[in-house]
>>> print(open('protein.cif').read())   # mmCIF, C-alpha atoms
data_model
#
loop_
_atom_site.label_atom_id
_atom_site.label_comp_id
_atom_site.auth_asym_id
_atom_site.auth_seq_id
_atom_site.Cartn_x
_atom_site.Cartn_y
_atom_site.Cartn_z
CA MET A 1 94.53 -66.71 212.10
CA GLU A 2 95.18 -63.24 210.92
CA ILE A 3 96.29 -60.55 213.24
CA PRO A 4 94.54 -57.31 212.53
CA PRO A 5 96.88 -54.36 211.96
CA PRO A 6 97.40 -52.10 214.93
CA ASP A 7 95.39 -48.97 215.01
CA MET A 8 97.37 -46.38 213.12
CA PRO A 9 96.87 -42.79 213.99
CA GLU A 10 95.57 -40.85 211.08
CA THR A 11 98.17 -38.72 209.34
CA PRO A 12 97.10 -35.16 209.36
CA SER A 13 96.37 -33.78 205.95
CA PRO A 14 98.48 -30.78 204.98
CA ARG A 15 96.66 -27.71 205.99
CA PRO A 16 96.47 -24.84 203.57
CA GLU A 17 98.70 -21.87 204.39
CA SER A 18 96.98 -19.01 205.94
CA GLY A 19 96.86 -15.72 204.10
CA SER A 20 99.24 -14.02 206.52
CA GLU A 21 101.97 -16.68 206.07
CA ALA A 22 101.76 -16.38 202.30
CA ALA A 23 102.00 -12.61 202.59
CA ARG A 24 105.07 -12.87 204.84
CA LEU A 25 106.72 -15.30 202.43
CA GLU A 26 105.96 -13.03 199.50
CA GLU A 27 107.41 -10.04 201.39
CA ALA A 28 110.56 -12.04 202.22
CA PHE A 29 111.06 -12.89 198.54
CA ARG A 30 110.50 -9.26 197.58
CA LEU A 31 113.12 -8.10 200.11
CA PHE A 32 115.53 -10.80 198.95
CA ASN A 33 115.16 -9.67 195.32
CA GLN A 34 115.60 -6.03 196.31
CA VAL A 35 118.78 -6.73 198.29
CA SER A 36 120.06 -8.94 195.50
CA ASP A 37 119.54 -6.13 192.96
CA GLU A 38 121.28 -3.62 195.24
CA LEU A 39 124.20 -6.01 195.68
CA SER A 40 124.47 -6.49 191.91
CA GLN A 41 124.49 -2.72 191.37
CA ALA A 42 127.14 -2.24 194.07
CA TYR A 43 129.27 -4.97 192.47
CA THR A 44 128.96 -3.31 189.05
CA GLN A 45 130.00 0.04 190.54
CA LEU A 46 132.94 -1.61 192.29
CA GLN A 47 134.05 -3.20 189.02
CA GLY A 48 133.96 0.22 187.36
CA GLN A 49 136.05 1.74 190.15
CA VAL A 50 138.60 -1.09 189.92
CA GLU A 51 138.88 -0.54 186.15
CA GLN A 52 139.43 3.20 186.69
CA LEU A 53 142.10 2.56 189.34
CA THR A 54 143.83 0.02 187.11
CA GLU A 55 143.86 2.49 184.23
CA ARG A 56 145.22 5.26 186.46
CA MET A 57 147.89 2.94 187.87
CA THR A 58 148.99 2.00 184.36
CA LEU A 59 149.16 5.67 183.32
CA LEU A 60 151.12 6.51 186.46
CA GLN A 61 153.59 3.67 185.92
CA ASP A 62 154.11 4.68 182.30
CA ALA A 63 154.74 8.30 183.34
CA LEU A 64 157.46 7.33 185.83
CA PRO A 65 161.05 7.81 184.69
CA ALA A 66 162.07 4.79 186.76
CA GLY A 67 161.42 1.26 185.66
CA VAL A 68 158.81 -0.74 187.57
CA VAL A 69 158.97 -4.55 187.54
CA VAL A 70 156.28 -6.54 189.39
CA ILE A 71 157.27 -10.10 190.29
CA ASP A 72 154.88 -12.79 191.54
CA GLY A 73 155.52 -15.22 194.39
CA GLY A 74 157.08 -17.72 191.98
CA GLY A 75 159.70 -15.23 190.80
CA ARG A 76 158.09 -14.56 187.38
CA ILE A 77 157.65 -11.05 186.00
CA VAL A 78 153.95 -10.24 185.71
CA GLN A 79 154.04 -6.54 184.86
CA VAL A 80 156.52 -3.92 183.66
CA ASN A 81 156.25 -0.31 182.63
CA ALA A 82 157.71 1.32 179.51
CA ALA A 83 160.80 2.60 181.37
CA ALA A 84 161.66 -0.92 182.57
CA GLU A 85 161.43 -2.23 179.01
CA ARG A 86 163.59 0.65 177.78
CA LEU A 87 166.23 -0.07 180.42
CA LEU A 88 166.16 -3.88 180.53
CA GLY A 89 164.85 -4.75 177.08
CA ALA A 90 161.56 -6.05 175.71
CA GLY A 91 159.91 -9.38 176.41
CA LEU A 92 160.19 -9.30 180.18
CA VAL A 93 156.66 -10.41 181.12
CA GLY A 94 156.56 -14.12 181.88
CA GLU A 95 160.33 -14.40 182.31
CA ALA A 96 161.96 -15.39 185.59
CA TRP A 97 163.46 -12.35 187.32
CA GLN A 98 166.47 -14.41 188.34
CA SER A 99 167.15 -15.12 184.67
CA ILE A 100 166.99 -11.40 183.84
CA GLU A 101 169.43 -10.63 186.66
CA ARG A 102 171.78 -13.34 185.46
CA THR A 103 171.70 -12.57 181.71
CA ARG A 104 171.16 -8.81 181.46
CA LEU A 105 172.82 -7.44 184.61
CA ALA A 106 176.27 -7.71 186.16
CA PRO A 107 176.98 -6.56 189.73
CA ALA A 108 178.86 -3.26 189.89
CA ASP A 109 181.38 -2.16 192.50
CA LEU A 110 178.70 -0.68 194.80
CA PRO A 111 175.86 -2.62 196.48
CA GLY A 112 172.53 -2.29 194.68
CA GLU A 113 174.18 -1.10 191.47
CA TYR A 114 174.42 -3.16 188.29
CA LEU A 115 176.00 -2.79 184.88
CA LEU A 116 173.99 -3.66 181.81
CA THR A 117 175.64 -6.54 179.97
CA ALA A 118 174.37 -5.14 176.66
CA GLY A 119 175.43 -1.52 176.41
CA ALA A 120 177.15 0.91 178.70
CA GLY A 121 174.46 1.55 181.25
CA ARG A 122 174.54 1.54 185.03
CA LEU A 123 171.39 0.80 187.03
CA SER A 124 170.31 0.99 190.63
CA LEU A 125 167.76 -1.60 191.80
CA ALA A 126 165.49 -1.20 194.84
CA ASP A 127 163.51 -4.30 195.81
CA SER A 128 160.41 -4.23 198.08
CA ALA A 129 157.96 -6.89 199.24
CA LEU A 130 154.59 -6.47 197.55
CA ASP A 131 152.22 -8.87 199.31
CA SER A 132 152.03 -11.80 201.68
CA ALA A 133 152.08 -14.25 198.75
CA GLY A 134 155.75 -13.46 198.15
CA GLY A 135 155.36 -10.93 195.35
CA ARG A 136 157.93 -8.18 194.94
CA ILE A 137 158.29 -4.90 193.14
CA VAL A 138 161.65 -3.80 191.77
CA LEU A 139 162.32 -0.15 190.96
CA VAL A 140 164.98 0.32 188.31
CA HIS A 141 166.79 3.67 188.10
CA ASP A 142 169.19 4.62 185.33
CA ILE A 143 172.19 6.12 187.16
CA THR A 144 174.56 6.10 184.20
CA ASP A 145 174.82 9.91 183.98
CA ALA A 146 175.00 10.38 187.75
CA HIS A 147 177.82 7.82 188.00
CA ARG A 148 179.68 9.48 185.10
CA LEU A 149 179.37 12.90 186.77
CA LYS A 150 180.50 11.46 190.10
CA THR A 151 183.54 9.92 188.41
CA LEU A 152 184.36 13.23 186.67
CA ALA A 153 183.97 15.15 189.94
CA GLY A 154 186.37 12.75 191.67
CA ARG A 155 188.86 13.13 188.81
CA ASN A 156 188.58 16.93 188.97
CA GLU A 157 189.14 16.86 192.75
CA ARG A 158 192.28 14.78 192.29
CA LEU A 159 193.55 17.14 189.56
CA ALA A 160 192.83 20.15 191.78
CA ALA A 161 194.70 18.52 194.66
CA MET A 162 197.65 17.78 192.37
CA GLY A 163 197.58 21.42 191.15
CA GLU A 164 197.68 22.70 194.73
CA MET A 165 200.50 20.34 195.57
CA ALA A 166 202.46 21.49 192.47
CA ALA A 167 201.88 25.14 193.44
CA GLN A 168 203.17 24.44 196.97
CA VAL A 169 206.22 22.64 195.61
CA ALA A 170 206.91 25.56 193.21
CA HIS A 171 206.53 28.01 196.08
CA GLN A 172 208.95 25.99 198.21
CA LEU A 173 211.47 25.87 195.39
CA ARG A 174 211.44 29.67 194.99
#
>>> encode(input="protein.cif", output="structure tokens")
Amino acid sequence: MEIPPPDMPETPSPRPESGSEAARLEEAFRLFNQVSDELSQAYTQLQGQVEQLTERMTLLQDALPAGVVVIDGGGRIVQVNAAAERLLGAGLVGEAWQSIERTRLAPADLPGEYLLTAGAGRLSLADSALDSAGGRIVLVHDITDAHRLKTLAGRNERLAAMGEMAAQVAHQLR
């Protein structure tokens, strides 16, 4: 004997959307497209501003008399200006900063001062943290002339002191 299937409730047929729901959906899409276009325009403007700032930063770095070396969190040089290349040599980008310190610089008698291993230059290095990822920026100043003048001034002071002492001795002898 066959058991008749239980009475199944009828599934409601999909009702057509009312005109007001379609209008609201159309308005939502229109607003979404409008906001999306505004966002795209704002992004394009922001890109232009970033390019301008990058160009200005590059011009500023190249105009500085001091060398600028930007180091990433891994200790690799990612950017240098013309003064840094003039002072430390070419081919710095991509090199490990530690390698540059070891091969091109020798510690001088004062903290923060270094002698160039190639040539007769004297440099002062100032290191600052750049970002939370461990990047750093190193400012390189050529202090060769200042150090030479300081050495000459010290020599002249010693000669002047010896001259005064000789004059006092001569005066005592008279």
>>> atom_distance(input="protein.cif", atom1="atom CA of A:Ala120", atom2="atom CA of A:Thr144")
8.0 Å
>>> resolve_selection(input="protein.cif", expression="the PyMOL selection byres ((chain A and resi 103) around 12)", output="CSV table (one decimal) with C-alpha atoms, keeping the file's coordinate frame")
chain,number,residue,atom,x,y,z
A,88,LEU,CA,166.2,-3.9,180.5
A,89,GLY,CA,164.8,-4.8,177.1
A,95,GLU,CA,160.3,-14.4,182.3
A,96,ALA,CA,162.0,-15.4,185.6
A,97,TRP,CA,163.5,-12.4,187.3
A,98,GLN,CA,166.5,-14.4,188.3
A,99,SER,CA,167.2,-15.1,184.7
A,100,ILE,CA,167.0,-11.4,183.8
A,101,GLU,CA,169.4,-10.6,186.7
A,102,ARG,CA,171.8,-13.3,185.5
A,104,ARG,CA,171.2,-8.8,181.5
A,105,LEU,CA,172.8,-7.4,184.6
A,106,ALA,CA,176.3,-7.7,186.2
A,107,PRO,CA,177.0,-6.6,189.7
A,114,TYR,CA,174.4,-3.2,188.3
A,115,LEU,CA,176.0,-2.8,184.9
A,116,LEU,CA,174.0,-3.7,181.8
A,117,THR,CA,175.6,-6.5,180.0
A,118,ALA,CA,174.4,-5.1,176.7
>>> residues_around(input="protein.cif", residues="A:Leu139", least_positions_apart="4", cutoff="10 Å", atoms="only C-alpha atoms", output="list in words")
Ala66, Gly67, Val68, Val69, Val70, Ala84, Leu123, Ser124, Leu125, Ala126, Asp127 and Ser128 of chain A
>>> closest_residue(input="protein.cif", among="A:Ala83, A:Val138, A:Ala129, A:Val78", to="A:Pro65", atoms="all atoms listed in the file")
A:Ala83
>>> closest_residue(input="protein.cif", among="A:Glu164, A:Glu38, A:Thr54, A:Ala133", to="A:Asp72", atoms="all atoms listed in the file")
A:Ala133
>>> atom_distance(input="protein.cif", atom1="atom CA of A:Ala82", atom2="atom CA of A:Gly48")
25.0 Å
>>> atom_distance(input="protein.cif", atom1="atom CA of A:Ala167", atom2="atom CA of A:Leu152")
22.2 Å
>>> axis_aligned_box(input="protein.cif", around="stretch 52-58 of chain A", padding_each_side="3 Å", output="lines of an AutoDock Vina configuration file")
center_x = 144.2
center_y = 2.6
center_z = 186.8
size_x = 15.6
size_y = 11.2
size_z = 11.1
>>> residues_around(input="protein.cif", residues="A:Val93", least_positions_apart="2", cutoff="8 Å", atoms="all atoms listed in the file", output="VMD selection string")
chain A and resid 76 to 80 91 95
>>> closest_residue(input="protein.cif", among="A:Gly73, A:Arg122, A:Met165, A:Glu157", to="A:Gly135", atoms="only C-alpha atoms")
A:Gly73
>>> closest_residue(input="protein.cif", among="A:Gly121, A:Gly75, A:Pro111, A:Gly163", to="A:Arg148", atoms="all atoms listed in the file")
A:Gly121
>>> closest_residue(input="protein.cif", among="A:Gln34, A:Asn81, A:Gln45, A:Ser20", to="A:Met57", atoms="only C-alpha atoms")
A:Asn81
>>> closest_residue(input="protein.cif", among="A:Ala153, A:Ile71, A:Ala90, A:Leu159", to="A:Ile137", atoms="all atoms listed in the file")
A:Ile71
